[in-house]
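S.K.: What follows is structure-v5.cif, made up of mmCIF, C-alpha atoms:
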data_run
loop_
_atom_site.label_atom_id
_atom_site.label_comp_id
_atom_site.auth_asym_id
_atom_site.auth_seq_id
_atom_site.Cartn_x
_atom_site.Cartn_y
_atom_site.Cartn_z
CA MET B 1 124.35 109.08 93.65
CA ASP B 2 121.49 108.46 91.25
CA PRO B 3 118.38 107.62 93.31
CA PHE B 4 117.50 104.69 91.09
CA ILE B 5 120.87 103.13 91.75
CA TYR B 6 120.30 103.79 95.43
CA LEU B 7 117.11 101.77 95.17
CA PHE B 8 118.88 98.74 93.73
CA ILE B 9 121.75 99.02 96.19
CA TYR B 10 119.17 99.15 98.93
CA PHE B 11 117.42 96.04 97.65
CA ALA B 12 120.67 94.20 97.08
CA TYR B 13 121.64 94.47 100.74
CA SER B 14 118.18 94.26 102.22
CA GLY B 15 115.63 91.54 102.54
CA SER B 16 112.36 90.62 104.12
CA ARG B 17 114.03 88.62 106.85
CA SER B 18 111.91 90.08 109.61
CA LEU B 19 108.49 88.90 108.50
CA HIS B 20 105.53 89.43 110.72
CA GLY B 21 101.78 89.18 110.50
CA SER B 22 98.91 91.57 110.99
CA PRO B 23 96.48 91.38 113.94
CA SER B 24 93.98 89.55 111.73
CA PHE B 25 93.92 86.01 110.42
CA ILE B 26 95.67 87.00 107.20
CA TYR B 27 99.37 87.62 106.73
CA PHE B 28 100.58 90.93 105.37
CA ALA B 29 104.06 91.92 104.33
CA SER B 30 106.88 93.02 106.50
CA SER B 31 107.02 96.80 106.71
CA GLU B 32 110.55 96.86 108.08
CA CYS B 33 113.64 96.47 105.94
CA GLN B 34 117.04 97.56 107.22
CA LEU B 35 120.02 98.52 105.08
CA ASN B 36 122.99 96.27 105.70
CA CYS B 37 125.80 98.60 106.76
CA ARG B 38 128.50 96.14 105.75
CA GLY B 39 127.01 96.03 102.26
CA TRP B 40 126.98 99.82 102.03
CA SER B 41 130.62 99.88 103.10
CA GLU B 42 131.47 97.40 100.36
CA TYR B 43 129.73 99.59 97.80
CA THR B 44 131.68 102.64 98.98
CA GLN B 45 134.94 100.73 98.63
CA LEU B 46 133.94 99.57 95.15
CA GLN B 47 133.27 103.16 94.13
CA GLU B 48 136.65 104.27 95.41
CA SER B 49 138.44 101.46 93.60
CA PHE B 50 136.70 101.54 90.22
CA GLY B 51 134.74 104.77 90.08
CA GLU B 52 131.05 105.38 90.49
CA GLU B 53 130.11 104.74 86.86
CA THR B 54 131.65 101.28 86.89
CA ALA B 55 130.04 100.45 90.21
CA MET B 56 126.61 101.53 89.05
CA ASP B 57 126.76 99.59 85.80
CA SER B 58 128.38 96.46 87.18
CA PRO B 59 125.98 93.48 87.29
CA LYS B 60 128.44 91.73 89.60
CA PHE B 61 127.91 94.30 92.28
CA LEU B 62 124.13 94.06 92.09
CA LEU B 63 124.08 90.29 92.41
CA ARG B 64 124.07 88.54 95.76
CA ASP B 65 124.93 85.10 94.38
CA PRO B 66 128.16 84.88 92.30
CA SER B 67 126.88 81.65 90.75
CA LEU B 68 124.62 83.69 88.44
CA GLU B 69 127.38 85.92 87.09
CA PRO B 70 128.68 83.51 84.41
CA LEU B 71 125.11 83.09 83.12
CA LEU B 72 124.60 86.77 82.43
CA ASP B 73 126.77 86.63 79.33
CA GLU B 74 124.36 84.07 77.91
CA PHE B 75 121.31 86.31 78.29
CA PRO B 76 120.36 89.02 75.78
CA ARG B 77 121.07 92.42 77.34
CA GLU B 78 119.62 95.88 76.70
CA LYS B 79 120.15 99.24 78.38
CA PHE B 80 116.84 100.49 79.74
CA TRP B 81 116.22 104.24 79.50
CA GLU B 82 119.99 104.72 79.41
CA ILE B 83 120.01 103.98 83.15
CA PHE B 84 120.54 100.27 83.84
CA TYR B 85 120.73 96.93 82.07
CA LEU B 86 117.92 94.47 81.57
CA TYR B 87 118.51 90.78 80.84
CA GLN B 88 116.10 88.54 78.98
CA TRP B 89 115.29 85.28 80.73
CA GLU B 90 112.78 82.86 79.19
CA GLY B 91 111.29 85.64 77.09
CA PHE B 92 111.04 88.37 79.75
CA TRP B 93 113.29 91.30 80.63
CA ASN B 94 114.53 91.98 84.11
CA THR B 95 117.41 93.46 86.09
CA SER B 96 120.15 91.13 87.27
CA LEU B 97 118.95 91.64 90.83
CA TYR B 98 115.38 90.57 90.15
CA LEU B 99 116.58 87.83 87.85
CA ARG B 100 118.37 86.29 90.81
CA SER B 101 115.46 86.70 93.21
CA SER B 102 112.97 85.38 90.64
CA MET B 103 115.12 82.29 90.10
CA ASP B 104 115.34 81.71 93.84
CA CYS B 105 111.60 82.16 94.19
CA GLN B 106 110.91 79.76 91.33
CA LYS B 107 113.19 77.16 92.83
CA HIS B 108 112.32 77.38 96.51
CA PHE B 109 108.85 78.86 97.10
CA GLU B 110 106.33 76.30 98.33
CA ALA B 111 102.74 77.41 97.93
CA MET B 112 100.01 76.29 100.29
CA ASP B 113 96.59 75.33 99.01
CA ASP B 114 94.91 78.31 100.64
CA ASP B 115 97.48 80.90 99.52
CA VAL B 116 96.34 83.86 97.43
CA ILE B 117 98.79 85.18 94.83
CA LEU B 118 98.20 88.62 93.32
CA ALA B 119 99.95 88.85 89.97
CA SER B 120 100.47 91.79 87.64
CA GLY B 121 102.80 93.54 85.28
CA MET B 122 104.28 96.85 86.39
CA LYS B 123 101.86 99.74 86.98
CA THR B 124 98.64 97.94 86.12
CA GLY B 125 96.88 98.35 89.45
CA SER B 126 98.68 96.00 91.83
CA THR B 127 98.72 98.50 94.72
CA TRP B 128 94.95 98.87 94.51
CA MET B 129 94.57 95.09 94.33
CA LYS B 130 96.64 94.65 97.48
CA ALA B 131 94.28 96.93 99.35
CA LEU B 132 91.11 95.33 98.00
CA SER B 133 92.20 91.70 98.42
CA GLY B 134 93.61 92.31 101.88
CA SER B 135 90.44 94.05 103.01
CA ILE B 136 88.21 91.30 101.63
CA LEU B 137 90.21 88.60 103.38
CA GLN B 138 89.90 90.49 106.65
CA GLN B 139 86.13 90.66 106.54
CA LYS B 140 84.29 88.53 109.09
CA ARG B 141 82.64 85.60 107.38
CA HIS B 142 79.79 85.07 109.81
CA SER B 143 77.68 87.69 111.50
CA ASP B 144 77.46 85.53 114.63
CA GLU B 145 81.17 86.18 115.22
CA LYS B 146 80.38 89.76 116.17
CA ASP B 147 80.89 90.95 119.71
CA ASP B 148 79.42 94.06 121.24
CA GLU B 149 79.49 97.30 119.26
CA ASN B 150 82.40 98.93 121.10
CA GLU B 151 84.61 95.91 120.69
CA ASN B 152 83.81 95.78 116.99
CA GLU B 153 84.77 99.40 116.54
CA ASP B 154 88.07 98.82 118.34
CA GLU B 155 88.75 95.73 116.28
CA ALA B 156 87.88 97.49 113.04
CA GLU B 157 90.36 100.24 113.84
CA ASP B 158 93.02 97.69 114.77
CA MET B 159 92.45 95.71 111.57
CA ASP B 160 92.81 98.69 109.22
CA PHE B 161 96.25 97.69 107.99
CA LEU B 162 95.99 100.31 105.27
CA ALA B 163 96.36 103.08 107.81
CA LYS B 164 99.49 101.51 109.30
CA THR B 165 101.63 100.44 106.36
CA HIS B 166 102.20 101.91 102.92
CA THR B 167 99.71 100.16 100.66
CA ALA B 168 102.35 99.08 98.16
CA HIS B 169 104.18 97.26 100.95
CA SER B 170 101.15 95.85 102.74
CA VAL B 171 101.52 92.59 100.82
CA THR B 172 104.91 90.98 100.23
CA THR B 173 106.11 90.90 96.63
CA LEU B 174 107.92 87.58 96.45
CA GLU B 175 110.76 88.44 94.08
CA GLY B 176 110.80 92.11 95.10
CA GLN B 177 111.02 91.68 98.87
CA ALA B 178 111.05 88.15 100.26
CA TYR B 179 113.73 86.68 97.97
CA ILE B 180 115.98 89.71 97.58
CA GLY B 181 119.36 88.56 98.85
CA ASN B 182 117.64 85.73 100.68
CA PRO B 183 117.04 82.48 98.75
CA HIS B 184 115.36 80.84 101.75
CA PRO B 185 113.04 83.32 103.52
CA ASP B 186 111.26 81.90 106.54
CA PHE B 187 107.49 81.82 106.06
CA SER B 188 106.89 79.25 108.82
CA THR B 189 105.30 81.70 111.25
CA ILE B 190 102.82 83.14 108.78
CA PRO B 191 99.19 82.26 109.56
CA SER B 192 96.90 81.09 106.78
CA PRO B 193 95.60 82.20 104.41
CA ARG B 194 98.78 83.88 103.17
CA LEU B 195 98.57 86.74 100.70
CA PHE B 196 101.49 87.43 98.35
CA HIS B 197 102.15 89.50 95.24
CA THR B 198 104.39 88.89 92.23
CA HIS B 199 105.32 90.45 88.89
CA ILE B 200 106.72 87.12 87.67
CA SER B 201 105.28 85.91 84.36
CA TYR B 202 103.08 82.82 84.41
CA ASN B 203 105.63 80.57 82.70
CA LEU B 204 108.23 81.42 85.36
CA LEU B 205 106.05 81.00 88.44
CA PRO B 206 107.21 78.46 91.02
CA PRO B 207 105.73 75.06 90.09
CA SER B 208 104.01 74.88 93.47
CA ILE B 209 101.91 77.96 92.63
CA ARG B 210 100.74 76.49 89.34
CA ASP B 211 100.26 72.95 90.68
CA SER B 212 98.67 73.61 94.07
CA LYS B 213 95.11 74.66 94.80
CA CYS B 214 96.13 78.21 95.66
CA LYS B 215 94.29 81.08 93.99
CA ILE B 216 95.81 83.58 91.55
CA VAL B 217 94.31 87.00 90.87
CA TYR B 218 95.77 88.83 87.87
CA ILE B 219 95.10 92.47 87.05
CA ALA B 220 95.69 93.92 83.59
CA ARG B 221 95.38 97.44 82.21
CA ASN B 222 95.22 99.22 78.89
CA PRO B 223 98.80 99.31 77.58
CA LYS B 224 98.72 103.04 76.81
CA ASP B 225 97.78 103.98 80.37
CA THR B 226 100.22 101.37 81.66
CA LEU B 227 103.09 103.05 79.82
CA VAL B 228 102.14 106.52 81.07
CA SER B 229 101.95 105.27 84.66
CA LEU B 230 105.28 103.45 84.29
CA TRP B 231 106.91 106.57 82.83
CA HIS B 232 105.76 108.79 85.67
CA PHE B 233 106.66 106.18 88.29
CA ILE B 234 110.24 105.56 87.18
CA ASN B 235 110.84 109.25 86.54
CA SER B 236 109.75 109.99 90.10
CA TYR B 237 113.00 108.55 91.40
CA THR B 238 115.36 108.68 88.43
CA SER B 239 114.92 112.18 87.02
CA THR B 240 118.06 114.30 87.06
CA GLU B 241 118.77 117.94 86.43
CA LYS B 242 118.09 117.12 82.77
CA GLY B 243 114.47 116.42 83.64
CA PRO B 244 112.35 113.32 83.03
CA TYR B 245 113.37 110.72 80.50
CA PRO B 246 111.90 111.68 77.10
CA PHE B 247 108.48 110.10 76.64
CA ASP B 248 109.09 109.33 72.97
CA LYS B 249 112.11 107.21 73.90
CA ALA B 250 110.17 105.50 76.69
CA PHE B 251 107.45 104.73 74.15
CA GLU B 252 109.87 103.01 71.80
CA SER B 253 111.28 100.91 74.62
CA PHE B 254 107.79 99.82 75.72
CA TYR B 255 106.73 99.21 72.11
CA ASN B 256 109.71 96.91 71.65
CA GLY B 257 108.86 95.06 74.86
CA VAL B 258 112.05 96.12 76.64
CA HIS B 259 111.02 97.12 80.13
CA PRO B 260 110.98 95.41 83.54
CA TRP B 261 108.82 92.27 83.32
CA GLY B 262 108.13 92.98 79.65
CA PRO B 263 106.98 92.43 76.99
CA PHE B 264 103.64 93.70 78.28
CA TRP B 265 101.50 91.66 75.87
CA ASP B 266 103.24 88.34 76.51
CA HIS B 267 102.85 88.81 80.25
CA VAL B 268 99.14 89.57 79.96
CA LEU B 269 98.38 86.80 77.47
CA GLN B 270 100.01 84.08 79.54
CA TYR B 271 97.76 84.80 82.50
CA TRP B 272 94.72 85.38 80.29
CA LYS B 273 95.05 81.99 78.58
CA ALA B 274 95.69 80.26 81.91
CA SER B 275 92.56 81.88 83.36
CA LEU B 276 90.49 80.49 80.48
CA GLU B 277 91.89 77.01 81.05
CA ARG B 278 91.62 77.14 84.86
CA PRO B 279 88.89 79.64 85.81
CA HIS B 280 88.50 78.04 89.23
CA LYS B 281 92.13 78.88 90.02
CA ILE B 282 92.92 82.10 88.15
CA MET B 283 90.79 85.24 88.09
CA PHE B 284 91.60 87.79 85.41
CA LEU B 285 90.62 91.37 86.25
CA LYS B 286 90.89 94.60 84.30
CA TYR B 287 91.75 97.89 85.92
CA GLU B 288 89.16 99.64 83.76
CA ASP B 289 86.39 97.33 85.00
CA LEU B 290 87.34 98.08 88.59
CA LYS B 291 87.11 101.78 87.85
CA ARG B 292 83.73 101.46 86.08
CA ASP B 293 82.07 99.12 88.56
CA PRO B 294 84.09 98.78 91.77
CA ARG B 295 81.23 97.30 93.79
CA GLY B 296 80.43 94.62 91.23
CA GLN B 297 84.07 93.67 90.75
CA VAL B 298 84.71 93.56 94.50
CA LYS B 299 81.80 91.17 94.97
CA LYS B 300 83.15 88.91 92.21
CA LEU B 301 86.60 89.02 93.76
CA ALA B 302 85.24 88.11 97.18
CA GLU B 303 83.35 85.16 95.73
CA PHE B 304 86.46 83.93 93.92
CA LEU B 305 88.54 84.17 97.10
CA GLY B 306 85.96 82.14 99.01
CA ARG B 307 85.06 85.14 101.16
CA PRO B 308 81.59 86.15 99.93
CA PHE B 309 79.96 88.97 101.82
CA GLY B 310 77.55 87.41 104.29
CA GLU B 311 74.58 88.91 106.05
CA GLU B 312 76.19 92.34 106.05
CA GLY B 313 75.84 92.24 102.27
CA GLU B 314 75.90 95.57 100.50
CA ASP B 315 77.08 97.45 103.59
CA ALA B 316 80.20 95.28 103.76
CA VAL B 317 80.85 95.78 100.04
CA ASP B 318 80.51 99.54 100.42
CA LYS B 319 82.89 99.47 103.38
CA VAL B 320 85.62 97.71 101.39
CA VAL B 321 85.16 99.94 98.34
CA SER B 322 85.26 103.07 100.48
CA ARG B 323 88.22 101.95 102.57
CA CYS B 324 90.20 101.08 99.44
CA SER B 325 89.22 104.01 97.25
CA LEU B 326 92.20 105.57 95.52
CA GLU B 327 91.26 108.94 96.95
CA ARG B 328 91.44 107.60 100.51
CA LEU B 329 94.62 105.60 99.91
CA LYS B 330 96.63 108.50 98.54
CA ASN B 331 95.52 110.71 101.42
CA LEU B 332 96.51 108.30 104.19
CA ASP B 333 99.49 109.61 106.15
CA VAL B 334 101.49 106.43 105.50
CA ASN B 335 101.22 107.01 101.74
CA LYS B 336 101.75 110.76 101.58
CA GLY B 337 104.84 112.86 100.97
CA ASN B 338 107.94 112.49 98.85
CA ALA B 339 110.02 111.01 101.64
CA ARG B 340 111.63 107.79 100.48
CA SER B 341 110.05 104.59 101.71
CA VAL B 342 112.13 102.68 104.25
CA LEU B 343 111.30 99.47 102.40
CA THR B 344 112.00 100.50 98.80
CA GLY B 345 113.81 103.82 98.69
CA ILE B 346 111.06 105.11 96.38
CA PRO B 347 109.13 108.29 97.27
CA LYS B 348 105.96 107.28 99.09
CA ASP B 349 103.61 109.28 96.91
CA SER B 350 105.04 107.80 93.70
CA PHE B 351 102.66 104.86 93.98
CA PHE B 352 99.61 107.12 93.77
CA ARG B 353 99.10 109.61 90.98
CA LEU B 354 95.84 110.13 89.09
CA GLY B 355 94.55 106.58 88.90
CA VAL B 356 92.28 107.51 85.99
CA VAL B 357 91.42 105.80 82.74
CA GLY B 358 92.54 107.58 79.57
CA ASP B 359 95.38 109.74 80.85
CA TRP B 360 97.39 108.48 77.87
CA LYS B 361 95.59 111.11 75.77
CA ASN B 362 97.65 113.76 77.55
CA HIS B 363 100.95 112.13 76.54
CA PHE B 364 100.55 110.22 73.25
CA THR B 365 100.78 111.67 69.78
CA ASP B 366 98.25 110.35 67.27
CA ASP B 367 101.00 108.31 65.63
CA MET B 368 102.00 106.74 68.96
CA ALA B 369 98.40 105.82 69.74
CA ASP B 370 97.86 104.29 66.30
CA ARG B 371 101.08 102.28 66.46
CA LEU B 372 100.42 100.88 69.93
CA ASP B 373 96.78 100.12 69.16
CA GLN B 374 97.78 98.26 66.01
CA LEU B 375 100.44 96.27 67.85
CA THR B 376 97.96 95.42 70.60
CA ARG B 377 95.42 94.17 68.05
CA ILE B 378 98.08 91.97 66.44
CA LYS B 379 99.31 90.58 69.76
CA LEU B 380 95.83 89.85 71.12
CA GLU B 381 94.30 88.61 67.88
CA GLY B 382 92.36 85.39 68.35
CA SER B 383 92.74 85.40 72.12
CA GLY B 384 89.32 86.83 72.94
CA LEU B 385 90.95 89.45 75.14
CA HIS B 386 90.29 93.14 74.64
CA LEU B 387 92.11 95.85 76.56
CA ASP B 388 90.00 98.99 76.27
#
Please rewrite the model in this file as structure tokens.
M.R.:
Amino acid sequence: MDPFIYLFIYFAYSGSRSLHGSPSFIYFASSECQLNCRGWSEYTQLQESFGEETAMDSPKFLLRDPSLEPLLDEFPREKFWEIFYLYQWEGFWNTSLYLRSSMDCQKHFEAMDDDVILASGMKTGSTWMKALSGSILQQKRHSDEKDDENENEDEAEDMDFLAKTHTAHSVTTLEGQAYIGNPHPDFSTIPSPRLFHTHISYNLLPPSIRDSKCKIVYIARNPKDTLVSLWHFINSYTSTEKGPYPFDKAFESFYNGVHPWGPFWDHVLQYWKASLERPHKIMFLKYEDLKRDPRGQVKKLAEFLGRPFGEEGEDAVDKVVSRCSLERLKNLDVNKGNARSVLTGIPKDSFFRLGVVGDWKNHFTDDMADRLDQLTRIKLEGSGLHLD
């Protein structure tokens, strides 16, 4: 079976029903997600009855809630990378599975005023942001809370969630974990402040996120590097004996805005404009700025989250930057190897590649670069936003 299809089967019959918190005052995502054996049996029977190709392409199979099925015919549909279908809902493309979970999230999620929502498109730096934001929220706010040195060392080791759970799964993605096959996940036992992640566009966020006092942190990235990262990521678990999907075809799909949570520019602009209107609520970060000045950006992020570094000052900043460096993250045992993640079915090391700025130069032709740069200028014209 194609590994990408395995991923969506896995998600369709899984869910973040067993949510638990970290030892600290902040909630981190469930790291356990079990495959429902009854669901797998149903898939096997479907294959036997209709054939694997039909089963893989059937939106009905991928959906948990039959009530959505009649609506799919009303949505524009495109085949993505000749692998699976995307449906356009309110201007953005998604799989039928994530369409359902996003709708459930929009309808049912109730934000709390001290929640922190990390938002991003695909492959723009969300895994890094999970590590940084989680580490900042775990920092002690007052130096007088310290105990003796030995106890602090033990506590520091216990609080290093990054060494215990794959970084990509250390913070729950609402539509990608919590609401998959579960329209009413139980968040009642989660201590505050809660930290969540989403790929949902700003216009489709649950009203409670937009209307409450919760904070939103959005991270954007140069579209050329975003495409390269997306291409490598999806190929890491969909490539067949034919090799990776041709980059020139992937380029055209991205250029036309047809990719999960695309179009890229619309997604970015919605959060950018909202951050200008509500700077106290929404912080807009760029991946390139984090790479150029991680210490400065981490300090700004901590201030925005209401967790400024206290008397420890620069030492505390250095600790967070070092703990969350991409080099350290990709070398942690929980993130290494090509074994498939229990939570996603994606190879663990797929979330960490080069993490550099400008890798697009190794993939783009001059014509591709010119076309995408021109489109980016047109899309961002008059917004005041520049994506280097």
S.K.: Specify as a list in words each residue included when the PyMOL selection byres ((chain B and resi 101) around 9) is applied to this file.
M.R.: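 For this structure, the PyMOL selection byres ((chain B and resi 101) around 9) resolves to Ser96, Leu97, Tyr98, Leu99, Arg100, Ser102, Met103, Asp104, Cys105, Gln106, Leu174, Glu175, Gly176, Gln177, Ala178, Tyr179, Ile180, Gly181, Asn182 and Pro183 of chain B.
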S.K.: Return as a list in words the set of residues that the PyMOL selection byres ((chain B and resi 307) around 7) yields on the displayed structure.
M.R.: Ile136, Leu137, Arg141, Ala302, Glu303, Leu305, Gly306, Pro308 and Phe309 of chain B
S.K.: Could you give me, as CSV, every stretch 173-245 of chain B residue with an atom at most 12 Å from stretch 365-386 of chain B, plus its closest atom pair and distance in Å to one decimal, counting only C-alpha atoms, rows ordered by chain then number?
M.R.:
residue,atom,partner,partner_atom,distance
B:Ala220,CA,B:His386,CA,10.5
B:Arg221,CA,B:His386,CA,10.1
B:Asn222,CA,B:His386,CA,8.9
B:Pro223,CA,B:Leu372,CA,8.0
B:Lys224,CA,B:Leu372,CA,7.4
B:Asp225,CA,B:Ala369,CA,10.8
B:Thr226,CA,B:Leu372,CA,11.7
B:Leu227,CA,B:Leu372,CA,10.5
B:Val228,CA,B:Ala369,CA,12.0
S.K.: Considering all atoms listed in the file, state which residue in the set B:Lys79, B:Ile216, B:Gly125, B:Lys281 is at the smallest distance from B:Leu195.
M.R.: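 When distances to B:Leu195 are compared using all atoms listed in the file, the smallest one comes from B:Ile216.
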S.K.: Can you pull out every residue within 10 Å of B:Asn94, counting only C-alpha atoms, but drop anything in the same chain fewer than 4 positions away, and send it as a list in words?
M.R.: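 Residues near the query, excluding close chain neighbours: Arg77, Glu78, Phe80, Tyr85, Leu86, Tyr87, Gln88, Trp89, Tyr98, Leu99, Arg100, Ser102, Ile200, Val258, His259, Pro260, Trp261 and Gly262 of chain B.
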S.K.: Do you have the atom CA of B:Lys107-atom CA of B:Gly134 distance handy?
M.R.: 26.4 Å
